[in-house]
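S.K.: Structure provided below as structure tokens; questions to follow.
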Amino acid sequence: NKIETLPQGLWKLPEVYEITLDTNKIGGPYFDDAEIRLENLHFLRMANNSISKLPPSLNGENVPSLTFLDVPGNSISVLPEDVGSFQYLTELLISRNKLNDSSIPKSMKELKHLNLLDLRNNSISKLPCWFTDIDSLMDAVKGNIFVSGNPICRNAWVSSNGCNAVLGKKLRQEGSGCSKQCSDYCHKIDEDFSSGACSHRCNSANCGFSHGHCK
């Protein structure tokens with residue numbers, strides 16, 4: 001699609017539950033400075049646009065029900081300082097952006113329900129030690145961090161000792177962490193549905209996609 005601007009009224013509709021605006025040209029002041037107040041929004045998908053930053057108004061006070069934030073394939077270089085205000089956020093997908101070591105604010109450790117964090121294909125060479133305070137993300141079974149395509153998977157950080165030893169073990173976890181996924185556009189969780197149906201984002205030969213089902 002080629003949508004570049006959005007009506008400002010969209011961001012103040014109290015009944016909206018989900019917004020999907022993937023693969024457009026949204027960005028600049030029309031989104032960066034949007035006044036957002038969506039009390040019932042649970043899912044926000046804006047992959048593959050022209051977003052350089054998330055609006056300051058996109059926070060837990062104005063969007064208190066948000067559980068899924070999907071913004072890969074943009075030009076985001078830093079996460080908002082109050083990203084930790086999303087009390088119910090479980091999945092944060094921000095791969096293929098411009099994040100670096102100073103892009104992740106300490107407030108993220110307040111995301112007590114976060115169990116999936118996709119940071120692939122950015123410029124991250126290390127993770128802060130306080131990541132181990134995010135119990136839901138560090139859970140050996142349910143927690144998943146994806147960081148392949150970052151310098152952190154090519155330098156000695158993952159294998160070194162110290163405060164990051166627990167994180168290093170997490171990033172060496174088979175199937176996630178530094179493990180390369182079948183596609184830059186999806187991850188193993190997208191393929192693990194009990195029904196056998198693949199996510200549309202895994203629609204590639206590398207992922208064994210065949211008529212809506214994983215081979």
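In the structure tokens, each chain is lettered A, B, ... as it comes, each chain's residues begin at 1, and ligands are numbered from 1 in order of appearance.
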Let's see if you can do this: from backbone DSSP, list all alpha helix (DSSP H) residues in chain A, as a short mmCIF file (atom, residue, chain, number, x, y, z; two decimals) with N, CA and C atoms, in the first residue's frame.

M.R.:
data_model
loop_
_atom_site.label_atom_id
_atom_site.label_comp_id
_atom_site.auth_asym_id
_atom_site.auth_seq_id
_atom_site.Cartn_x
_atom_site.Cartn_y
_atom_site.Cartn_z
N PRO A 29 5.77 13.68 10.84
CA PRO A 29 4.93 14.29 11.87
C PRO A 29 3.52 13.72 11.94
N TYR A 30 3.04 13.12 10.85
CA TYR A 30 1.69 12.57 10.87
C TYR A 30 1.55 11.42 11.86
N PHE A 31 2.66 10.74 12.13
CA PHE A 31 2.64 9.69 13.14
C PHE A 31 3.52 10.02 14.33
N ASP A 32 4.73 10.53 14.08
CA ASP A 32 5.69 10.78 15.15
C ASP A 32 5.12 11.67 16.25
N ASP A 135 11.50 -11.24 34.55
CA ASP A 135 11.31 -12.67 34.80
C ASP A 135 10.56 -13.37 33.68
N SER A 136 9.53 -12.73 33.15
CA SER A 136 8.73 -13.36 32.11
C SER A 136 9.54 -13.60 30.84
N LEU A 137 10.49 -12.70 30.56
CA LEU A 137 11.33 -12.83 29.38
C LEU A 137 12.43 -13.86 29.58
N MET A 138 12.89 -13.99 30.82
CA MET A 138 13.97 -14.93 31.12
C MET A 138 13.46 -16.34 31.39
N ALA A 165 26.23 -13.44 32.34
CA ALA A 165 26.33 -14.88 32.13
C ALA A 165 24.96 -15.52 31.91
N VAL A 166 23.97 -15.10 32.70
CA VAL A 166 22.61 -15.64 32.55
C VAL A 166 22.02 -15.23 31.21
N LEU A 167 22.25 -13.98 30.84
CA LEU A 167 21.77 -13.51 29.55
C LEU A 167 22.46 -14.25 28.41
N GLY A 168 23.77 -14.45 28.57
CA GLY A 168 24.50 -15.17 27.54
C GLY A 168 23.93 -16.55 27.31
N LYS A 169 23.59 -17.23 28.39
CA LYS A 169 22.98 -18.56 28.28
C LYS A 169 21.65 -18.47 27.56
N LYS A 170 20.88 -17.44 27.86
CA LYS A 170 19.58 -17.26 27.22
C LYS A 170 19.74 -17.04 25.72
N LEU A 171 20.76 -16.27 25.34
CA LEU A 171 20.97 -15.95 23.93
C LEU A 171 21.57 -17.13 23.16
N LYS A 188 10.42 -18.43 15.14
CA LYS A 188 9.92 -19.78 15.40
C LYS A 188 8.55 -19.79 16.07
N ILE A 189 8.24 -18.74 16.84
CA ILE A 189 6.93 -18.70 17.51
C ILE A 189 5.81 -18.62 16.48
N ASP A 190 6.07 -17.93 15.36
CA ASP A 190 5.07 -17.83 14.30
C ASP A 190 4.75 -19.19 13.70
N GLU A 191 5.70 -20.12 13.81
CA GLU A 191 5.52 -21.44 13.19
C GLU A 191 4.99 -22.49 14.15
#

S.K.: Can you pull out the residues contacting Cys202 (chain A)? Cut-off 7 Å, using only C-alpha atoms, and skip same-chain residues under 5 positions away; I want them as a list in words.

M.R.: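 Non-adjacent residues within range: Ser183, Tyr185, Cys186, Cys207 and Phe209 of chain A.
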
S.K.: Can you tell me, as an NGL selection string, what residues are no more than 8 Å from Glu110 (chain A) when counting only C-alpha atoms, ignoring any on the same chain fewer than 5 positions away?

M.R.: :A and (84-85 or 87 or 134)

S.K.: To one decimal place in Å, what is the distance between CA of Ser102 (chain A) and CA of Cys182 (chain A)?

M.R.: 28.2 Å

S.K.: Which of region 24-204 of chain A counts as strand (DSSP E or B) under DSSP, as a compact mmCIF listing (two decimals) with C-alpha atoms, in the first residue's frame please?

M.R.:
# COMPACT_ATOMS: atom_id res chain seq x y z
CA GLY A 27 5.98 8.31 9.21
CA PHE A 43 -2.78 -4.93 18.98
CA LEU A 44 -0.79 -2.33 17.02
CA ARG A 45 0.90 -3.55 13.84
CA SER A 50 8.83 5.03 7.53
CA PHE A 68 1.22 -6.56 21.16
CA LEU A 69 3.43 -3.91 19.53
CA ASP A 70 4.76 -4.86 16.09
CA GLU A 91 5.17 -9.10 22.70
CA LEU A 92 7.47 -6.35 21.39
CA LEU A 93 8.69 -6.84 17.82
CA LEU A 116 8.69 -12.22 23.44
CA LEU A 117 11.21 -9.59 22.37
CA ASP A 118 12.41 -9.48 18.76
CA ASN A 144 11.94 -15.71 24.01
CA ILE A 145 14.54 -13.13 22.96
CA PHE A 146 15.58 -12.96 19.30
CA GLY A 177 18.60 -15.87 20.96
CA ALA A 197 -0.87 -23.19 10.24

S.K.: In Å to one decimal, how far is CA of Pro64 (chain A) from CA of Cys129 (chain A)?

M.R.: 27.2 Å

S.K.: Which is closest to Phe86 (chain A) among A:Pro55, A:Gly149, A:Pro14, A:Gly60, if we use only C-alpha atoms?

M.R.: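 Closest to Phe86 (chain A) of all the choices is A:Gly60.
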
S.K.: Calculate how many Å separate CA of Leu10 (chain A) from CA of Ile104 (chain A), rounding to one decimal.

M.R.: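 Calculated distance between CA of Leu10 (chain A) and CA of Ile104 (chain A) is 28.2 Å.
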
S.K.: Measuring atom to atom with only C-alpha atoms, identify which of A:Ile94, A:Lys126, A:Leu89, A:Ala47 is nearest to Lys112 (chain A).

M.R.: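 Result for the nearest residue to Lys112 (chain A): A:Leu89.
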
S.K.: Return the single residue from A:Ser57, A:Ser77, A:Asn206, A:Ser52 that is closest to Ile26 (chain A), with distances computed using only C-alpha atoms.

M.R.: A:Ser52
